[in-house]
>>> print(open('target_10.pdb').read())   # PDB, C-alpha atoms, pLDDT in the B column
ATOM      1  CA  MET A 299     -21.927  24.617  -3.367  1.00 86.00           C
ATOM      2  CA  THR A 300     -18.698  23.143  -4.675  1.00 91.00           C
ATOM      3  CA  THR A 301     -17.607  19.766  -3.389  1.00 96.00           C
ATOM      4  CA  TRP A 302     -13.883  19.007  -3.301  1.00 97.00           C
ATOM      5  CA  VAL A 303     -12.126  15.665  -3.338  1.00 98.00           C
ATOM      6  CA  VAL A 304      -8.768  16.294  -1.688  1.00 98.00           C
ATOM      7  CA  ASP A 305      -5.851  13.926  -2.202  1.00 97.00           C
ATOM      8  CA  ALA A 306      -2.887  13.203   0.048  1.00 96.00           C
ATOM      9  CA  SER A 307      -0.642  15.620  -1.860  1.00 94.00           C
ATOM     10  CA  VAL A 308      -2.858  18.451  -0.578  1.00 95.00           C
ATOM     11  CA  VAL A 309      -3.781  17.108   2.875  1.00 95.00           C
ATOM     12  CA  VAL A 310      -0.112  16.647   3.789  1.00 94.00           C
ATOM     13  CA  LYS A 311       0.373  20.367   3.168  1.00 93.00           C
ATOM     14  CA  TRP A 312      -2.265  21.005   5.843  1.00 92.00           C
ATOM     15  CA  ALA A 313      -0.216  19.015   8.344  1.00 90.00           C
ATOM     16  CA  LEU A 314       3.244  20.126   7.236  1.00 87.00           C
ATOM     17  CA  PRO A 315       2.818  23.572   5.688  1.00 73.00           C
ATOM     18  CA  VAL A 316       6.531  24.349   5.974  1.00 71.00           C
ATOM     19  CA  GLN A 317       8.232  21.446   4.237  1.00 64.00           C
ATOM     20  CA  ASP A 318      11.388  21.750   2.143  1.00 57.00           C
ATOM     21  CA  GLY A 319      10.672  21.654  -1.559  1.00 62.00           C
ATOM     22  CA  GLU A 320       6.903  22.012  -1.125  1.00 66.00           C
ATOM     23  CA  THR A 321       4.976  24.641  -3.022  1.00 77.00           C
ATOM     24  CA  HIS A 322       1.467  26.095  -2.949  1.00 83.00           C
ATOM     25  CA  GLN A 323       0.998  25.802   0.796  1.00 86.00           C
ATOM     26  CA  GLU A 324      -1.015  29.027   0.784  1.00 89.00           C
ATOM     27  CA  GLN A 325      -3.599  27.517  -1.539  1.00 92.00           C
ATOM     28  CA  ALA A 326      -3.739  24.322   0.526  1.00 93.00           C
ATOM     29  CA  LEU A 327      -4.305  26.258   3.744  1.00 92.00           C
ATOM     30  CA  ALA A 328      -6.928  28.462   2.048  1.00 93.00           C
ATOM     31  CA  LEU A 329      -8.803  25.319   0.999  1.00 95.00           C
ATOM     32  CA  LEU A 330      -8.617  23.990   4.558  1.00 95.00           C
ATOM     33  CA  LYS A 331      -9.997  27.281   5.864  1.00 94.00           C
ATOM     34  CA  ASP A 332     -12.875  27.134   3.360  1.00 93.00           C
ATOM     35  CA  ILE A 333     -13.678  23.606   4.533  1.00 94.00           C
ATOM     36  CA  GLN A 334     -13.559  24.593   8.210  1.00 93.00           C
ATOM     37  CA  GLN A 335     -15.793  27.616   7.586  1.00 93.00           C
ATOM     38  CA  GLY A 336     -18.344  25.557   5.667  1.00 92.00           C
ATOM     39  CA  ASN A 337     -17.816  27.442   2.402  1.00 92.00           C
ATOM     40  CA  CYS A 338     -17.524  24.168   0.503  1.00 94.00           C
ATOM     41  CA  GLN A 339     -18.084  20.472   0.975  1.00 96.00           C
ATOM     42  CA  VAL A 340     -15.694  17.530   0.845  1.00 97.00           C
ATOM     43  CA  LEU A 341     -16.244  13.964  -0.297  1.00 98.00           C
ATOM     44  CA  GLN A 342     -13.381  11.499   0.020  1.00 98.00           C
ATOM     45  CA  PRO A 343     -12.650   7.980  -1.182  1.00 97.00           C
ATOM     46  CA  PRO A 344     -12.309   5.496   1.693  1.00 94.00           C
ATOM     47  CA  HIS A 345      -8.521   5.132   1.470  1.00 96.00           C
ATOM     48  CA  TRP A 346      -7.677   8.816   1.933  1.00 97.00           C
ATOM     49  CA  LEU A 347      -6.695   8.655   5.606  1.00 96.00           C
ATOM     50  CA  ALA A 348      -4.501   5.573   5.135  1.00 96.00           C
ATOM     51  CA  GLU A 349      -2.684   7.229   2.243  1.00 96.00           C
ATOM     52  CA  VAL A 350      -2.160  10.433   4.221  1.00 96.00           C
ATOM     53  CA  GLY A 351      -0.922   8.322   7.137  1.00 96.00           C
ATOM     54  CA  ALA A 352       1.599   6.567   4.920  1.00 96.00           C
ATOM     55  CA  VAL A 353       3.035   9.878   3.742  1.00 94.00           C
ATOM     56  CA  LEU A 354       3.053  11.486   7.186  1.00 95.00           C
ATOM     57  CA  THR A 355       4.690   8.457   8.778  1.00 96.00           C
ATOM     58  CA  ARG A 356       7.515   8.780   6.267  1.00 95.00           C
ATOM     59  CA  LEU A 357       7.880  12.583   6.451  1.00 92.00           C
ATOM     60  CA  ALA A 358       7.126  13.239  10.145  1.00 93.00           C
ATOM     61  CA  PRO A 359       7.163   9.929  12.020  1.00 95.00           C
ATOM     62  CA  LYS A 360       7.055  11.451  15.514  1.00 94.00           C
ATOM     63  CA  GLN A 361       4.070  13.653  14.697  1.00 93.00           C
ATOM     64  CA  SER A 362       2.156  11.352  12.361  1.00 94.00           C
ATOM     65  CA  ILE A 363      -0.185   9.750  14.906  1.00 95.00           C
ATOM     66  CA  ARG A 364      -1.285  13.097  16.346  1.00 95.00           C
ATOM     67  CA  MET A 365      -1.815  14.511  12.856  1.00 94.00           C
ATOM     68  CA  LEU A 366      -3.854  11.499  11.765  1.00 95.00           C
ATOM     69  CA  GLN A 367      -6.037  11.844  14.866  1.00 96.00           C
ATOM     70  CA  THR A 368      -6.696  15.461  13.879  1.00 95.00           C
ATOM     71  CA  PHE A 369      -7.708  14.477  10.352  1.00 95.00           C
ATOM     72  CA  LEU A 370      -9.907  11.660  11.619  1.00 94.00           C
ATOM     73  CA  ALA A 371     -11.635  14.136  13.961  1.00 95.00           C
ATOM     74  CA  MET A 372     -12.543  16.278  10.925  1.00 94.00           C
ATOM     75  CA  GLU A 373     -14.986  13.489   9.987  1.00 94.00           C
ATOM     76  CA  LEU A 374     -14.724  14.180   6.270  1.00 96.00           C
ATOM     77  CA  PRO A 375     -17.543  12.403   4.432  1.00 97.00           C
ATOM     78  CA  MET A 376     -16.523   9.368   2.395  1.00 97.00           C
ATOM     79  CA  THR A 377     -18.140   7.396  -0.382  1.00 96.00           C
ATOM     80  CA  THR A 378     -17.883   3.664  -0.911  1.00 94.00           C
ATOM     81  CA  GLU A 379     -20.177   3.406  -3.925  1.00 95.00           C
ATOM     82  CA  TRP A 380     -19.361   0.577  -6.308  1.00 97.00           C
ATOM     83  CA  GLU A 381     -19.483   2.956  -9.301  1.00 96.00           C
ATOM     84  CA  VAL A 382     -16.526   4.889  -7.873  1.00 96.00           C
ATOM     85  CA  TYR A 383     -14.415   1.742  -7.586  1.00 97.00           C
ATOM     86  CA  GLU A 384     -15.433   0.594 -11.041  1.00 97.00           C
ATOM     87  CA  GLN A 385     -14.565   3.925 -12.635  1.00 97.00           C
ATOM     88  CA  ALA A 386     -11.296   4.158 -10.686  1.00 97.00           C
ATOM     89  CA  CYS A 387     -10.231   0.736 -11.976  1.00 98.00           C
ATOM     90  CA  ARG A 388     -10.980   1.781 -15.540  1.00 98.00           C
ATOM     91  CA  LEU A 389      -9.083   5.043 -15.089  1.00 98.00           C
ATOM     92  CA  SER A 390      -6.133   3.200 -13.594  1.00 98.00           C
ATOM     93  CA  VAL A 391      -5.898   0.936 -16.644  1.00 98.00           C
ATOM     94  CA  ASP A 392      -6.608   3.670 -19.225  1.00 97.00           C
ATOM     95  CA  LEU A 393      -4.147   6.140 -17.715  1.00 97.00           C
ATOM     96  CA  ASN A 394      -1.594   3.545 -16.581  1.00 97.00           C
ATOM     97  CA  HIS A 395      -1.656   5.103 -13.119  1.00 97.00           C
ATOM     98  CA  HIS A 396      -1.967   3.968  -9.503  1.00 95.00           C
ATOM     99  CA  LEU A 397      -5.487   3.138  -8.326  1.00 96.00           C
ATOM    100  CA  PHE A 398      -5.177   5.289  -5.213  1.00 94.00           C
ATOM    101  CA  ASP A 399      -4.920   8.418  -7.367  1.00 95.00           C
ATOM    102  CA  THR A 400      -7.702   7.395  -9.716  1.00 97.00           C
ATOM    103  CA  LEU A 401     -10.025   6.726  -6.767  1.00 97.00           C
ATOM    104  CA  TYR A 402      -9.951  10.421  -5.853  1.00 98.00           C
ATOM    105  CA  HIS A 403     -10.694  11.406  -9.423  1.00 98.00           C
ATOM    106  CA  ALA A 404     -13.463   8.846  -9.794  1.00 98.00           C
ATOM    107  CA  VAL A 405     -15.261  10.381  -6.800  1.00 98.00           C
ATOM    108  CA  ALA A 406     -15.140  13.789  -8.486  1.00 98.00           C
ATOM    109  CA  LEU A 407     -16.357  12.431 -11.811  1.00 97.00           C
ATOM    110  CA  GLN A 408     -19.597  11.174 -10.205  1.00 94.00           C
ATOM    111  CA  SER A 409     -21.151  14.640  -9.821  1.00 90.00           C
ATOM    112  CA  SER A 410     -21.198  17.818 -11.909  1.00 90.00           C
ATOM    113  CA  ASP A 411     -20.315  20.105  -8.981  1.00 93.00           C
ATOM    114  CA  THR A 412     -17.501  17.967  -7.562  1.00 96.00           C
ATOM    115  CA  PHE A 413     -13.832  18.535  -8.353  1.00 97.00           C
ATOM    116  CA  PHE A 414     -10.652  16.679  -7.503  1.00 98.00           C
ATOM    117  CA  ILE A 415      -7.908  19.000  -6.230  1.00 97.00           C
ATOM    118  CA  THR A 416      -4.341  17.751  -6.363  1.00 96.00           C
ATOM    119  CA  ALA A 417      -0.725  18.858  -6.254  1.00 93.00           C
ATOM    120  CA  ASP A 418       0.273  15.709  -8.172  1.00 94.00           C
ATOM    121  CA  THR A 419       1.315  17.139 -11.533  1.00 93.00           C
ATOM    122  CA  GLN A 420       2.144  13.722 -12.958  1.00 95.00           C
ATOM    123  CA  TYR A 421      -1.443  12.526 -12.494  1.00 96.00           C
ATOM    124  CA  LEU A 422      -2.867  15.869 -13.592  1.00 95.00           C
ATOM    125  CA  ARG A 423      -1.031  15.688 -16.935  1.00 96.00           C
ATOM    126  CA  LYS A 424      -2.483  12.256 -17.610  1.00 96.00           C
ATOM    127  CA  ALA A 425      -6.033  12.969 -16.456  1.00 97.00           C
ATOM    128  CA  ASP A 426      -6.688  16.650 -17.133  1.00 96.00           C
ATOM    129  CA  LYS A 427      -8.595  15.859 -20.348  1.00 96.00           C
ATOM    130  CA  LEU A 428     -11.219  13.992 -18.301  1.00 97.00           C
ATOM    131  CA  GLY A 429     -12.249  17.131 -16.418  1.00 95.00           C
ATOM    132  CA  HIS A 430     -13.311  17.601 -12.813  1.00 97.00           C
ATOM    133  CA  ILE A 431      -9.692  18.043 -11.737  1.00 97.00           C
ATOM    134  CA  ILE A 432      -7.724  21.152 -10.839  1.00 95.00           C
ATOM    135  CA  GLU A 433      -4.179  21.664  -9.752  1.00 94.00           C
ATOM    136  CA  LEU A 434      -3.736  23.039  -6.252  1.00 94.00           C
ATOM    137  CA  LYS A 435      -1.800  26.039  -7.563  1.00 92.00           C
ATOM    138  CA  ASP A 436      -4.958  27.131  -9.428  1.00 91.00           C
ATOM    139  CA  PHE A 437      -7.219  26.986  -6.349  1.00 88.00           C
ATOM    140  CA  ALA A 438      -8.967  30.251  -5.506  1.00 79.00           C
ATOM    141  CA  ARG A 439     -10.886  30.622  -2.264  1.00 59.00           C
ATOM    142  CA  THR A 440     -14.629  30.238  -2.505  1.00 55.00           C
ATOM    143  CA  GLY A 441     -15.463  32.153   0.656  1.00 49.00           C
TER     144      GLY A 441
END
>>> encode(input="target_10.pdb", output="C-alpha cells")
Amino acid sequence: MTTWVVDASVVVKWALPVQDGETHQEQALALLKDIQQGNCQVLQPPHWLAEVGAVLTRLAPKQSIRMLQTFLAMELPMTTEWEVYEQACRLSVDLNHHLFDTLYHAVALQSSDTFFITADTQYLRKADKLGHIIELKDFARTG
C-alpha cells in the first residue's frame, strides 16, 4: 500500500478547495478521499500541523482554528526519527531550500513505498532528481 507524505501546499487545498489562483483542487480532494477510505496510508513530519496552521491563519483567519481542529482529529501518523531530521538538514543545505519542505521529503525518502506529494513547484524542480516526490497535478487515485 502506498504511503503519502502530504505537505501544507496540498493540505490547505483540503480546507480551502475554492481559493483564487489555486489549481489542482480535484487531485487534492481525491487524495483526501483515498486517505479517508483507507486506500492509502499517510506519514507526516512533526511540523505539518503547525505549518498548515500558519498558512490557514493567513488565508482564512476566522476559520483557521476550526480547520486545524479537523486536521488534528484526523490523527495522521507522524515520525520523529532522527534519520529524518538528519536527512532533511542535508537536503536543506544541498538544495538551498527551507527545512520545513525538506522534512516532508526526508520522510518519503526513508521507505521505498513512500512518496512526498506537493503542489510546491519550486521545491519540486530542485528535488525531483532525488525521487520519491510527485507533483499534486500528477496524482491519480489509488482506490
>>> closest_residue(input="target_10.pdb", among="A:Gln342, A:Ser307, A:Gln361, A:Thr412", to="Thr378 (chain A)", atoms="all atoms listed in the file")
A:Gln342
>>> residues_around(input="target_10.pdb", residues="Trp346 (chain A)", least_positions_apart="5", cutoff="12 Å", atoms="only C-alpha atoms", output="list of chain:residue names")
A:Val303, A:Val304, A:Asp305, A:Ala306, A:Ser307, A:Val308, A:Val309, A:Val310, A:Val340, A:Leu341, A:Gly351, A:Ala352, A:Val353, A:Leu366, A:Phe369, A:Leu370, A:Glu373, A:Leu374, A:Pro375, A:Met376, A:Thr377, A:Thr378, A:Leu397, A:Phe398, A:Asp399, A:Thr400, A:Leu401, A:Tyr402, A:Val405
>>> resolve_selection(input="target_10.pdb", expression="the PyMOL selection byres ((chain A and resi 338) around 8)", output="PDB file with C-alpha atoms, keeping the file's coordinate frame")
ATOM      1  CA  MET A 299     -21.927  24.617  -3.367  1.00 86.00           C
ATOM      2  CA  THR A 300     -18.698  23.143  -4.675  1.00 91.00           C
ATOM      3  CA  THR A 301     -17.607  19.766  -3.389  1.00 96.00           C
ATOM      4  CA  TRP A 302     -13.883  19.007  -3.301  1.00 97.00           C
ATOM      5  CA  ASP A 332     -12.875  27.134   3.360  1.00 93.00           C
ATOM      6  CA  ILE A 333     -13.678  23.606   4.533  1.00 94.00           C
ATOM      7  CA  GLY A 336     -18.344  25.557   5.667  1.00 92.00           C
ATOM      8  CA  ASN A 337     -17.816  27.442   2.402  1.00 92.00           C
ATOM      9  CA  GLN A 339     -18.084  20.472   0.975  1.00 96.00           C
ATOM     10  CA  VAL A 340     -15.694  17.530   0.845  1.00 97.00           C
ATOM     11  CA  THR A 440     -14.629  30.238  -2.505  1.00 55.00           C
TER      12      THR A 440
END
>>> closest_residue(input="target_10.pdb", among="A:Gln385, A:Arg364, A:Ala425, A:Gln325", to="Ala313 (chain A)", atoms="all atoms listed in the file")
A:Arg364
>>> atom_distance(input="target_10.pdb", atom1="CA of Ala386 (chain A)", atom2="CA of His403 (chain A)")
7.4 Å
>>> atom_distance(input="target_10.pdb", atom1="CA of Leu314 (chain A)", atom2="CA of Pro344 (chain A)")
22.1 Å
>>> atom_distance(input="target_10.pdb", atom1="CA of Gln334 (chain A)", atom2="CA of Met372 (chain A)")
8.8 Å
>>> residues_around(input="target_10.pdb", residues="Gly429 (chain A)", least_positions_apart="2", cutoff="10 Å", atoms="only C-alpha atoms", output="list in words")
His403, Ala406, Leu407, Phe413, Phe414, Leu422, Ala425, Asp426, Lys427, Ile431 and Ile432 of chain A
>>> closest_residue(input="target_10.pdb", among="A:His345, A:Lys311, A:Glu379, A:Glu384", to="Met365 (chain A)", atoms="all atoms listed in the file")
A:Lys311
>>> closest_residue(input="target_10.pdb", among="A:Lys435, A:His430, A:Arg356, A:Lys424", to="Leu389 (chain A)", atoms="only C-alpha atoms")
A:Lys424
>>> decode(input="target_10.pdb", residues="region 330-415 of chain A", atoms="C-alpha atoms", output="PDB file, in the first residue's frame")
ATOM      1  CA  LEU A 330      -8.121  13.179   0.845  1.00  0.00           C
ATOM      2  CA  LYS A 331     -10.888  10.772  -0.148  1.00  0.00           C
ATOM      3  CA  ASP A 332      -8.350   7.962  -0.632  1.00  0.00           C
ATOM      4  CA  ILE A 333      -6.960   8.659   2.839  1.00  0.00           C
ATOM      5  CA  GLN A 334     -10.421   8.708   4.428  1.00  0.00           C
ATOM      6  CA  GLN A 335     -11.383   5.452   2.700  1.00  0.00           C
ATOM      7  CA  GLY A 336      -8.189   3.717   3.803  1.00  0.00           C
ATOM      8  CA  ASN A 337      -6.913   3.211   0.252  1.00  0.00           C
ATOM      9  CA  CYS A 338      -3.502   4.558   1.234  1.00  0.00           C
ATOM     10  CA  GLN A 339      -1.512   5.482   4.297  1.00  0.00           C
ATOM     11  CA  VAL A 340      -0.046   8.788   5.439  1.00  0.00           C
ATOM     12  CA  LEU A 341       3.110   9.535   7.391  1.00  0.00           C
ATOM     13  CA  GLN A 342       3.855  13.134   8.320  1.00  0.00           C
ATOM     14  CA  PRO A 343       6.798  15.039   9.760  1.00  0.00           C
ATOM     15  CA  PRO A 344       6.033  16.539  13.183  1.00  0.00           C
ATOM     16  CA  HIS A 345       5.749  20.149  11.991  1.00  0.00           C
ATOM     17  CA  TRP A 346       2.992  19.570   9.428  1.00  0.00           C
ATOM     18  CA  LEU A 347       0.080  20.850  11.516  1.00  0.00           C
ATOM     19  CA  ALA A 348       1.930  23.999  12.608  1.00  0.00           C
ATOM     20  CA  GLU A 349       2.826  24.799   9.008  1.00  0.00           C
ATOM     21  CA  VAL A 350      -0.749  24.237   7.844  1.00  0.00           C
ATOM     22  CA  GLY A 351      -1.934  26.427  10.724  1.00  0.00           C
ATOM     23  CA  ALA A 352       0.395  29.225   9.680  1.00  0.00           C
ATOM     24  CA  VAL A 353      -0.972  29.194   6.138  1.00  0.00           C
ATOM     25  CA  LEU A 354      -4.614  28.895   7.183  1.00  0.00           C
ATOM     26  CA  THR A 355      -4.289  31.687   9.730  1.00  0.00           C
ATOM     27  CA  ARG A 356      -3.054  33.953   6.950  1.00  0.00           C
ATOM     28  CA  LEU A 357      -5.581  32.865   4.294  1.00  0.00           C
ATOM     29  CA  ALA A 358      -8.698  32.237   6.424  1.00  0.00           C
ATOM     30  CA  PRO A 359      -8.133  33.685   9.896  1.00  0.00           C
ATOM     31  CA  LYS A 360     -11.739  33.307  11.076  1.00  0.00           C
ATOM     32  CA  GLN A 361     -11.916  29.652  10.057  1.00  0.00           C
ATOM     33  CA  SER A 362      -8.366  28.561  10.846  1.00  0.00           C
ATOM     34  CA  ILE A 363      -8.934  27.228  14.370  1.00  0.00           C
ATOM     35  CA  ARG A 364     -11.890  25.069  13.327  1.00  0.00           C
ATOM     36  CA  MET A 365      -9.963  23.747  10.327  1.00  0.00           C
ATOM     37  CA  LEU A 366      -6.919  22.916  12.438  1.00  0.00           C
ATOM     38  CA  GLN A 367      -9.132  21.038  14.904  1.00  0.00           C
ATOM     39  CA  THR A 368     -10.457  18.977  11.991  1.00  0.00           C
ATOM     40  CA  PHE A 369      -6.953  18.116  10.802  1.00  0.00           C
ATOM     41  CA  LEU A 370      -5.818  17.264  14.319  1.00  0.00           C
ATOM     42  CA  ALA A 371      -8.827  14.934  14.666  1.00  0.00           C
ATOM     43  CA  MET A 372      -7.627  13.026  11.576  1.00  0.00           C
ATOM     44  CA  GLU A 373      -4.764  11.752  13.767  1.00  0.00           C
ATOM     45  CA  LEU A 374      -2.363  11.414  10.854  1.00  0.00           C
ATOM     46  CA  PRO A 375       0.645   9.333  11.905  1.00  0.00           C
ATOM     47  CA  MET A 376       3.885  11.249  12.382  1.00  0.00           C
ATOM     48  CA  THR A 377       7.522  10.269  12.562  1.00  0.00           C
ATOM     49  CA  THR A 378      10.160  11.874  14.738  1.00  0.00           C
ATOM     50  CA  GLU A 379      13.055   9.601  13.809  1.00  0.00           C
ATOM     51  CA  TRP A 380      16.474  11.222  13.995  1.00  0.00           C
ATOM     52  CA  GLU A 381      17.355   9.953  10.495  1.00  0.00           C
ATOM     53  CA  VAL A 382      14.544  12.067   9.032  1.00  0.00           C
ATOM     54  CA  TYR A 383      15.863  15.229  10.675  1.00  0.00           C
ATOM     55  CA  GLU A 384      19.413  14.431   9.649  1.00  0.00           C
ATOM     56  CA  GLN A 385      18.456  13.833   6.027  1.00  0.00           C
ATOM     57  CA  ALA A 386      16.223  16.923   5.967  1.00  0.00           C
ATOM     58  CA  CYS A 387      19.116  19.091   7.169  1.00  0.00           C
ATOM     59  CA  ARG A 388      21.363  17.701   4.454  1.00  0.00           C
ATOM     60  CA  LEU A 389      18.685  18.252   1.814  1.00  0.00           C
ATOM     61  CA  SER A 390      18.126  21.796   3.022  1.00  0.00           C
ATOM     62  CA  VAL A 391      21.819  22.610   2.595  1.00  0.00           C
ATOM     63  CA  ASP A 392      22.271  20.700  -0.688  1.00  0.00           C
ATOM     64  CA  LEU A 393      19.158  22.161  -2.304  1.00  0.00           C
ATOM     65  CA  ASN A 394      19.408  25.593  -0.663  1.00  0.00           C
ATOM     66  CA  HIS A 395      15.797  25.241   0.455  1.00  0.00           C
ATOM     67  CA  HIS A 396      13.753  25.693   3.631  1.00  0.00           C
ATOM     68  CA  LEU A 397      13.983  22.864   6.162  1.00  0.00           C
ATOM     69  CA  PHE A 398      10.212  22.600   6.519  1.00  0.00           C
ATOM     70  CA  ASP A 399       9.919  21.469   2.896  1.00  0.00           C
ATOM     71  CA  THR A 400      12.855  19.092   3.087  1.00  0.00           C
ATOM     72  CA  LEU A 401      11.404  17.456   6.211  1.00  0.00           C
ATOM     73  CA  TYR A 402       8.431  16.203   4.189  1.00  0.00           C
ATOM     74  CA  HIS A 403      10.719  14.840   1.510  1.00  0.00           C
ATOM     75  CA  ALA A 404      13.064  13.226   4.013  1.00  0.00           C
ATOM     76  CA  VAL A 405      10.139  11.244   5.449  1.00  0.00           C
ATOM     77  CA  ALA A 406       9.339   9.920   1.974  1.00  0.00           C
ATOM     78  CA  LEU A 407      12.953   9.029   1.243  1.00  0.00           C
ATOM     79  CA  GLN A 408      13.061   6.657   4.246  1.00  0.00           C
ATOM     80  CA  SER A 409      10.929   3.945   2.611  1.00  0.00           C
ATOM     81  CA  SER A 410      10.610   2.519  -0.901  1.00  0.00           C
ATOM     82  CA  ASP A 411       6.797   2.717  -0.952  1.00  0.00           C
ATOM     83  CA  THR A 412       6.501   6.240   0.461  1.00  0.00           C
ATOM     84  CA  PHE A 413       6.107   9.339  -1.696  1.00  0.00           C
ATOM     85  CA  PHE A 414       6.013  13.045  -0.965  1.00  0.00           C
ATOM     86  CA  ILE A 415       3.123  14.803  -2.723  1.00  0.00           C
TER      87      ILE A 415
END
